[in-house]
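So this block is protein_31.csv, CSV, C-alpha atoms:
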chain,number,residue,atom,x,y,z
S,204,MET,CA,117.2,152.1,133.4
S,205,THR,CA,116.4,153.9,136.7
S,206,ASP,CA,120.0,154.7,137.3
S,207,ASP,CA,120.3,156.0,133.7
S,208,LEU,CA,117.2,158.2,134.1
S,209,ARG,CA,118.5,159.7,137.4
S,210,ALA,CA,121.9,160.3,135.9
S,211,THR,CA,120.4,162.1,132.9
S,212,ILE,CA,118.2,164.3,135.1
S,213,ARG,CA,121.1,165.1,137.4
S,214,SER,CA,123.4,166.0,134.4
S,215,GLN,CA,120.9,168.6,133.1
S,216,ALA,CA,120.2,170.2,136.5
S,217,SER,CA,121.7,173.4,137.9
S,218,PRO,CA,124.3,173.1,140.6
S,219,GLY,CA,121.8,174.0,143.3
S,220,ALA,CA,119.3,171.4,142.0
S,221,THR,CA,122.1,168.8,141.7
S,222,ALA,CA,122.8,169.1,145.4
S,223,LEU,CA,119.1,168.6,146.2
S,224,LEU,CA,118.9,165.6,143.9
S,225,ASP,CA,121.9,164.1,145.8
S,226,GLN,CA,119.9,164.6,149.0
S,227,LEU,CA,117.0,162.6,147.5
S,228,ALA,CA,119.4,159.9,146.4
S,229,ALA,CA,120.9,159.6,149.9
S,230,LEU,CA,117.7,158.7,151.7
S,231,GLY,CA,118.6,155.0,152.0
S,232,THR,CA,117.1,151.8,150.9
S,233,PRO,CA,114.4,149.6,152.2
S,234,HIS,CA,115.0,146.5,154.3
S,235,ASN,CA,113.6,143.3,153.0
S,236,ASP,CA,110.6,143.4,155.3
S,237,GLU,CA,109.7,147.0,154.8
S,238,ARG,CA,106.7,147.5,152.5
S,239,LYS,CA,106.0,151.2,153.1
S,240,THR,CA,108.1,154.3,152.9
S,241,PRO,CA,108.7,155.6,156.4
S,242,ARG,CA,106.9,158.9,157.0
S,243,ASP,CA,110.0,160.8,158.0
S,244,VAL,CA,111.6,159.7,154.7
S,245,HIS,CA,108.5,160.8,152.8
S,246,ASP,CA,108.5,164.2,154.5
S,247,GLN,CA,112.1,164.7,153.5
S,248,GLN,CA,111.3,163.8,149.9
S,249,VAL,CA,108.4,166.3,149.8
S,250,ALA,CA,110.5,169.1,151.3
S,251,THR,CA,113.2,168.4,148.8
S,252,LEU,CA,110.7,168.4,145.9
S,253,HIS,CA,109.5,171.9,147.1
S,254,ALA,CA,113.1,173.0,147.1
S,255,LEU,CA,113.8,171.6,143.7
S,256,ALA,CA,110.8,173.6,142.3
S,257,ALA,CA,112.3,176.7,143.8
S,258,ALA,CA,115.6,175.8,142.2
S,259,GLY,CA,114.0,175.7,138.8
S,260,LEU,CA,114.1,172.0,138.1
S,261,PRO,CA,111.0,171.0,136.1
S,262,ARG,CA,108.4,169.3,138.3
S,263,GLN,CA,108.2,166.2,136.1
S,264,ASP,CA,112.0,165.7,136.2
S,265,ALA,CA,112.0,166.0,140.0
S,266,LEU,CA,109.1,163.5,140.3
S,267,ARG,CA,110.8,161.1,137.9
S,268,PHE,CA,114.0,161.3,140.0
S,269,ALA,CA,112.1,160.7,143.3
S,270,LEU,CA,110.1,157.9,141.9
S,271,ALA,CA,113.2,156.1,140.6
S,272,ALA,CA,114.7,156.1,144.1
S,273,PRO,CA,114.6,153.0,146.3
S,274,TRP,CA,112.0,154.8,148.5
S,275,ARG,CA,109.1,156.4,146.7
S,276,PRO,CA,107.0,159.1,148.2
S,277,LEU,CA,103.6,158.0,149.7
S,278,VAL,CA,101.0,158.8,147.0
S,279,GLY,CA,98.2,160.1,149.3
S,280,PRO,CA,100.3,162.6,151.3
S,281,LEU,CA,102.3,163.5,148.1
S,282,PHE,CA,99.1,164.4,146.3
S,283,ALA,CA,97.9,166.4,149.3
S,284,ALA,CA,101.2,168.3,149.6
S,285,LEU,CA,102.0,169.3,146.0
S,286,PRO,CA,99.8,171.1,143.5
S,287,LEU,CA,100.2,168.5,140.8
S,288,THR,CA,98.6,168.6,137.4
S,289,ARG,CA,96.6,165.6,136.2
S,290,ALA,CA,99.5,164.6,133.9
S,291,GLU,CA,101.9,164.8,136.9
S,292,ARG,CA,99.6,162.7,139.0
S,293,VAL,CA,99.4,160.1,136.3
S,294,LEU,CA,103.2,160.1,136.1
S,295,VAL,CA,103.4,159.4,139.8
S,296,LEU,CA,100.8,156.6,139.6
S,297,GLN,CA,102.5,155.0,136.6
S,298,ALA,CA,105.6,154.4,138.7
S,299,PHE,CA,103.5,152.0,140.9
S,300,VAL,CA,102.6,149.7,138.0
S,301,ARG,CA,104.1,146.2,138.3
S,302,PRO,CA,104.1,144.4,135.0
S,303,GLU,CA,103.1,140.7,134.6
S,304,ASP,CA,105.7,138.2,135.7
S,305,ASP,CA,105.8,134.5,136.6
S,306,GLN,CA,104.2,135.1,140.0
S,307,HIS,CA,102.0,138.2,139.5
S,308,TYR,CA,99.3,139.5,137.2
S,309,PRO,CA,99.9,143.1,135.9
S,310,VAL,CA,98.9,145.5,138.7
S,311,LEU,CA,98.7,149.1,139.7
S,312,ASP,CA,99.9,148.5,143.3
S,313,LEU,CA,98.8,151.4,145.5
S,314,SER,CA,98.7,149.4,148.7
S,315,ARG,CA,99.8,151.1,151.9
S,316,GLN,CA,99.9,154.5,150.2
S,317,GLU,CA,97.9,156.4,152.9
S,318,LEU,CA,95.1,157.1,150.4
S,319,ASP,CA,91.8,158.3,151.8
S,320,HIS,CA,90.2,158.1,148.3
S,321,VAL,CA,90.8,156.4,145.0
S,322,PRO,CA,92.7,158.8,142.7
S,323,PRO,CA,90.6,159.5,139.7
S,324,GLU,CA,93.7,159.5,137.6
S,325,CYS,CA,94.0,155.7,138.0
S,326,ALA,CA,91.8,155.5,135.0
S,327,ASP,CA,94.5,157.0,132.8
S,328,VAL,CA,97.4,154.8,134.0
S,329,VAL,CA,98.6,152.3,131.4
S,330,VAL,CA,98.6,148.8,132.7
S,331,THR,CA,99.3,146.3,129.9
S,332,PRO,CA,96.8,143.5,130.5
S,333,ALA,CA,97.5,139.8,130.7
S,334,ASN,CA,95.4,137.4,128.6
S,335,ILE,CA,93.7,134.9,130.9
S,336,GLY,CA,91.6,133.5,128.1
S,337,SER,CA,92.8,131.9,124.9
S,338,ASP,CA,94.3,133.2,121.6
S,339,ASP,CA,90.9,132.7,120.0
S,340,GLN,CA,88.9,134.2,122.9
S,341,PRO,CA,91.2,136.6,124.7
S,342,VAL,CA,90.2,137.8,128.2
S,343,PRO,CA,92.3,140.9,129.2
S,344,TYR,CA,93.1,141.1,132.9
S,345,ARG,CA,94.8,143.8,135.0
S,346,GLU,CA,94.5,144.5,138.7
S,347,ILE,CA,94.5,147.5,141.0
S,348,ASN,CA,95.6,146.9,144.6
S,349,LEU,CA,94.3,149.5,147.1
S,350,GLY,CA,94.8,147.4,150.2
S,351,TYR,CA,95.6,148.8,153.6
S,352,ASN,CA,94.6,152.3,152.8
S,353,PRO,CA,92.2,154.4,155.0
S,354,LEU,CA,89.7,154.7,152.1
S,355,THR,CA,86.4,156.5,152.7
S,356,ALA,CA,83.4,154.8,151.3
S,357,LEU,CA,83.7,154.5,147.5
S,358,ASP,CA,81.8,157.2,145.7
S,359,GLY,CA,81.0,157.6,142.0
S,360,ALA,CA,84.4,159.1,141.1
S,361,ALA,CA,86.2,156.1,142.8
S,362,LEU,CA,84.0,153.6,141.0
S,363,ALA,CA,84.7,155.3,137.7
S,364,ALA,CA,88.5,155.0,138.3
S,365,LEU,CA,88.1,151.3,139.3
S,366,ALA,CA,86.1,150.5,136.2
S,367,ALA,CA,89.3,150.3,134.1
S,368,PHE,CA,90.4,147.2,136.0
S,369,GLU,CA,89.3,143.5,135.9
S,370,GLY,CA,90.7,142.7,139.4
S,371,VAL,CA,90.1,145.0,142.4
S,372,HIS,CA,91.8,144.4,145.8
S,373,LEU,CA,90.3,146.4,148.7
S,374,ILE,CA,92.0,144.5,151.5
S,375,ALA,CA,91.3,145.9,155.0
S,376,TYR,CA,88.4,148.0,153.6
S,377,LYS,CA,87.0,149.7,156.8
S,378,HIS,CA,83.3,149.7,155.9
S,379,ALA,CA,80.4,147.3,156.6
S,380,THR,CA,79.2,147.0,153.0
S,381,LEU,CA,80.1,148.1,149.5
S,382,PRO,CA,78.2,150.7,147.4
S,383,ALA,CA,75.1,149.3,145.8
S,384,GLU,CA,76.3,150.9,142.5
S,385,LEU,CA,79.6,148.9,142.4
S,386,GLY,CA,78.3,146.0,140.4
S,387,ALA,CA,76.9,148.1,137.6
S,388,ALA,CA,79.8,150.6,137.7
S,389,LEU,CA,82.5,147.9,137.2
S,390,PRO,CA,81.4,145.9,134.1
S,391,ARG,CA,84.9,144.4,133.7
S,392,LEU,CA,85.1,143.0,137.2
S,393,LEU,CA,86.4,139.4,137.3
S,394,LEU,CA,87.9,139.4,140.8
S,395,LEU,CA,87.0,141.3,144.0
S,396,ASN,CA,89.1,140.9,147.2
S,397,VAL,CA,87.8,142.5,150.3
S,398,SER,CA,89.6,140.3,152.9
S,399,TRP,CA,90.8,141.4,156.3
S,400,GLY,CA,88.3,144.3,156.6
S,401,ASP,CA,85.1,145.3,158.3
S,402,LEU,CA,82.7,144.0,155.7
S,403,ARG,CA,79.5,142.4,157.1
S,404,GLU,CA,77.5,141.9,153.9
S,405,PHE,CA,77.5,142.3,150.2
S,406,PRO,CA,74.9,144.4,148.5
S,407,ALA,CA,72.4,142.4,146.4
S,408,GLU,CA,73.3,144.7,143.4
S,409,LEU,CA,76.8,143.4,143.3
S,410,ALA,CA,75.3,140.7,141.1
S,411,GLN,CA,75.2,143.3,138.3
S,412,ALA,CA,78.9,142.6,137.9
S,413,THR,CA,77.9,139.7,135.7
S,414,ARG,CA,81.4,138.6,134.7
S,415,LEU,CA,82.6,138.1,138.3
S,416,ARG,CA,84.6,134.9,138.6
S,417,SER,CA,86.4,135.1,142.0
S,418,LEU,CA,85.3,136.6,145.3
S,419,ARG,CA,87.6,136.8,148.4
S,420,PHE,CA,86.4,137.9,151.8
S,421,ASN,CA,88.6,136.1,154.2
S,422,TRP,CA,88.7,137.4,157.8
S,423,THR,CA,85.5,139.5,157.5
S,424,SER,CA,82.1,139.2,159.3
S,425,VAL,CA,80.1,138.1,156.2
S,426,ARG,CA,77.4,135.5,157.2
S,427,GLU,CA,75.8,134.8,153.8
S,428,LEU,CA,75.8,135.8,150.2
S,429,PRO,CA,72.8,137.5,148.6
S,430,GLU,CA,70.4,135.3,146.7
S,431,THR,CA,71.0,137.5,143.6
S,432,PHE,CA,74.4,135.9,143.3
S,433,ALA,CA,72.6,132.9,141.8
S,434,THR,CA,72.7,134.8,138.5
S,435,LEU,CA,76.6,135.0,138.5
S,436,THR,CA,77.1,132.0,136.3
S,437,ASP,CA,80.8,132.6,135.9
S,438,LEU,CA,81.5,132.7,139.7
S,439,HIS,CA,83.6,129.7,140.4
S,440,THR,CA,85.9,130.6,143.3
S,441,ILE,CA,85.0,131.8,146.8
S,442,GLU,CA,87.4,132.4,149.6
S,443,ALA,CA,85.8,132.8,153.1
S,444,SER,CA,88.3,131.6,155.7
S,445,GLU,CA,87.7,132.8,159.2
S,446,THR,CA,84.2,134.2,158.6
S,447,PRO,CA,80.9,133.5,160.2
S,448,LEU,CA,79.8,132.0,156.8
S,449,GLY,CA,82.9,129.8,156.7
S,450,GLU,CA,82.4,128.5,160.2
S,451,ALA,CA,78.7,127.7,159.5
S,452,LEU,CA,79.6,125.9,156.3
S,453,ILE,CA,82.2,123.8,158.2
S,454,ALA,CA,79.5,123.0,160.8
S,455,LEU,CA,77.1,121.9,158.0
S,456,ALA,CA,79.8,119.7,156.4
S,457,ASP,CA,80.2,118.1,159.8
S,458,GLY,CA,76.6,117.1,159.8
S,459,ALA,CA,74.9,120.0,161.7
S,460,ASP,CA,71.2,120.6,161.2
S,461,PRO,CA,70.8,122.9,158.2
S,462,THR,CA,67.4,124.1,159.5
S,463,ALA,CA,69.0,125.5,162.7
S,464,PRO,CA,68.4,129.2,162.8
S,465,HIS,CA,72.1,130.1,163.0
S,466,LEU,CA,72.9,127.9,160.0
S,467,ALA,CA,69.9,128.5,157.7
S,468,ALA,CA,71.5,131.4,155.9
S,469,ALA,CA,74.7,129.5,155.3
S,470,ALA,CA,72.7,126.5,154.0
S,471,ARG,CA,71.1,128.7,151.5
S,472,THR,CA,74.4,130.1,150.4
S,473,ARG,CA,75.8,126.5,150.1
S,474,ALA,CA,72.9,125.4,147.9
S,475,MET,CA,73.3,128.4,145.7
S,476,LEU,CA,77.1,127.9,145.3
S,477,ASP,CA,76.5,124.2,144.6
S,478,ALA,CA,74.0,125.1,141.8
S,479,LEU,CA,76.6,127.4,140.3
S,480,GLY,CA,79.3,124.8,140.5
S,481,ALA,CA,81.5,127.2,142.6
S,482,SER,CA,84.1,126.0,145.0
S,483,ILE,CA,84.6,127.6,148.4
S,484,GLU,CA,87.9,127.8,150.3
S,485,LEU,CA,87.4,127.9,154.1
Hey, can you dump this file as structure tokens for me?
Amino acid sequence: MTDDLRATIRSQASPGATALLDQLAALGTPHNDERKTPRDVHDQQVATLHALAAAGLPRQDALRFALAAPWRPLVGPLFAALPLTRAERVLVLQAFVRPEDDQHYPVLDLSRQELDHVPPECADVVVTPANIGSDDQPVPYREINLGYNPLTALDGAALAALAAFEGVHLIAYKHATLPAELGAALPRLLLLNVSWGDLREFPAELAQATRLRSLRFNWTSVRELPETFATLTDLHTIEASETPLGEALIALADGADPTAPHLAAAARTRAMLDALGASIEL
């Protein structure tokens, strides 16, 4: 399908634009271990997109051609470099949707895209949800992956964009906590993944995400969970490997004194999770 799309766009372009499209197509293919478009390739793509606009090729055709290539432009720098309309931004983001398959849930995968903020247009992207419930009681589920991006702290616009998704991955989030408003702003939230980041604590208000089922914060500095999480009756899976909380829970399981000052917080969290019937992976 992508080859057909590129062939159609090329056949309708002017000779000057055709030569530029050929330049886009000749930028190479990723090696198996490469997850991110090299910056020099991205810069060539953007320069060629500017030239295609000057050659008269409609912007959406140029974007579709570039997005169908083995290398796709980096979303953050692309949005900064080109004066795209909202519809054009949605077109770009739509190319990063990975549909459900045997190994993955449907996801808008914007990991490693050099984004310093969550594009508000994410709310307009079509991600066909999986049903993780039953036929009688369907539970739609779709994810957004914003891992390994230099995101600023999430503001109201970012939370509004994330509210369209049931699963949110903020891997390597470089902030000590999350916005207090996140829980109330994401009523669909079923899974939150903030592993491998600088997180030190969760706001008590995160408990306003009342449907939360799974919380992952491996390789962070979290020491305990807020007592408000006792109201999260659907919470059943916690991942806390390589965290102060995880280390303390291991010590408690080995018979350490739960009243010791450095273990008391973890003991409270353990009691709360036991009451919820939640499992914790350490």
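Using all atoms listed in the file, the set of residues no farther than 8 Å from the position (88.3, 139.4, 152.8) comprises Ile374, Ala375, Asn396, Val397, Ser398, Trp399, Gly400, Leu402, Arg419, Phe420, Asn421, Trp422, Thr423, Glu442 and Ala443 of chain S.
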For segment 274-290 of chain S, list every protein, DNA or RNA residue within 10 Å, evaluated using all atoms listed in the file, and leave out those in the same chain fewer than 6 positions away; present the list as a ChimeraX atom specification.
-> /S:227-228,230-233,238-242,244-250,252-253,262-263,266,268,296,298-299,313-324,327,352
Find the residues near Glu427 of chain S: any atom within 12 Å, counting all atoms listed in the file, skip ones fewer than 3 places away on the same chain, and give them as a PyMOL selection string.
-> chain S and resi 402-407+420+423-424+430-432+441+443+446-452+465-476
For Leu394 of chain S: contacts at 7 Å, only C-alpha atoms, fewer than 4 positions along chain excluded, given as a VMD selection string | chain S and resid 369 to 371 415 to 418
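We find atom CA of Ala272 of chain S and atom CA of Asp312 of chain S to be spaced 16.7 Å apart.
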Given only C-alpha atoms as the counted atoms, nearest of S:Ala333, S:Ala222, S:Leu393, S:Ala254 to Ala410 of chain S |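 Of all the options, S:Leu393 lies closest to Ala410 of chain S.
Using only C-alpha atoms for every distance, the candidate list S:Arg267, S:Leu357, S:Leu395, S:Leu409 yields S:Arg267 as the residue closest to Asp207 of chain S.
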All residues 8 Å or closer to segment 386-391 of chain S, all atoms listed in the file, same chain fewer than 6 positions away omitted, as a PyMOL selection string | chain S and resi 362-363+365-369+408-414
Since the input lacks atoms, please generate N, CA and C atoms for segment 346-369 of chain S and provide them as a short mmCIF file (atom, residue, chain, number, x, y, z; two decimals), in the coordinates of the input.
data_model
loop_
_atom_site.label_atom_id
_atom_site.label_comp_id
_atom_site.auth_asym_id
_atom_site.auth_seq_id
_atom_site.Cartn_x
_atom_site.Cartn_y
_atom_site.Cartn_z
N GLU S 346 95.00 144.33 137.32
CA GLU S 346 94.50 144.50 138.70
C GLU S 346 94.89 145.91 139.21
N ILE S 347 94.12 146.33 140.21
CA ILE S 347 94.50 147.50 141.00
C ILE S 347 94.44 147.02 142.48
N ASN S 348 95.48 147.33 143.23
CA ASN S 348 95.60 146.90 144.60
C ASN S 348 95.53 148.20 145.48
N LEU S 349 94.44 148.36 146.23
CA LEU S 349 94.30 149.50 147.10
C LEU S 349 94.22 149.05 148.58
N GLY S 350 94.83 147.92 148.86
CA GLY S 350 94.80 147.40 150.20
C GLY S 350 95.49 148.21 151.24
N TYR S 351 94.98 148.12 152.46
CA TYR S 351 95.60 148.80 153.60
C TYR S 351 95.71 150.28 153.45
N ASN S 352 94.68 150.86 152.88
CA ASN S 352 94.60 152.30 152.80
C ASN S 352 93.32 152.74 153.59
N PRO S 353 93.34 153.90 154.24
CA PRO S 353 92.20 154.40 155.00
C PRO S 353 91.12 155.00 154.08
N LEU S 354 90.62 154.21 153.15
CA LEU S 354 89.70 154.70 152.10
C LEU S 354 88.35 155.10 152.77
N THR S 355 87.82 156.24 152.36
CA THR S 355 86.40 156.50 152.70
C THR S 355 85.56 155.61 151.81
N ALA S 356 84.27 155.58 152.10
CA ALA S 356 83.40 154.80 151.30
C ALA S 356 83.50 155.17 149.83
N LEU S 357 83.46 154.21 148.95
CA LEU S 357 83.70 154.50 147.50
C LEU S 357 82.52 155.27 146.95
N ASP S 358 82.87 156.39 146.29
CA ASP S 358 81.80 157.20 145.70
C ASP S 358 81.89 157.01 144.14
N GLY S 359 81.09 157.81 143.42
CA GLY S 359 81.00 157.60 142.00
C GLY S 359 82.34 157.85 141.28
N ALA S 360 83.13 158.83 141.73
CA ALA S 360 84.40 159.10 141.10
C ALA S 360 85.38 157.90 141.33
N ALA S 361 85.33 157.31 142.53
CA ALA S 361 86.20 156.10 142.80
C ALA S 361 85.78 154.97 141.93
N LEU S 362 84.49 154.73 141.80
CA LEU S 362 84.00 153.60 141.00
C LEU S 362 84.40 153.81 139.52
N ALA S 363 84.34 155.06 139.05
CA ALA S 363 84.70 155.30 137.70
C ALA S 363 86.19 155.01 137.43
N ALA S 364 87.03 155.28 138.42
CA ALA S 364 88.50 155.00 138.30
C ALA S 364 88.70 153.45 138.32
N LEU S 365 87.95 152.75 139.17
CA LEU S 365 88.10 151.30 139.30
C LEU S 365 87.60 150.55 138.08
N ALA S 366 86.73 151.20 137.31
CA ALA S 366 86.10 150.50 136.20
C ALA S 366 87.08 150.12 135.09
N ALA S 367 88.29 150.66 135.13
CA ALA S 367 89.30 150.30 134.10
C ALA S 367 89.97 148.98 134.39
N PHE S 368 89.67 148.35 135.53
CA PHE S 368 90.40 147.20 136.00
C PHE S 368 89.48 145.94 136.07
N GLU S 369 90.07 144.77 135.82
CA GLU S 369 89.30 143.50 135.90
C GLU S 369 89.44 142.89 137.33
#
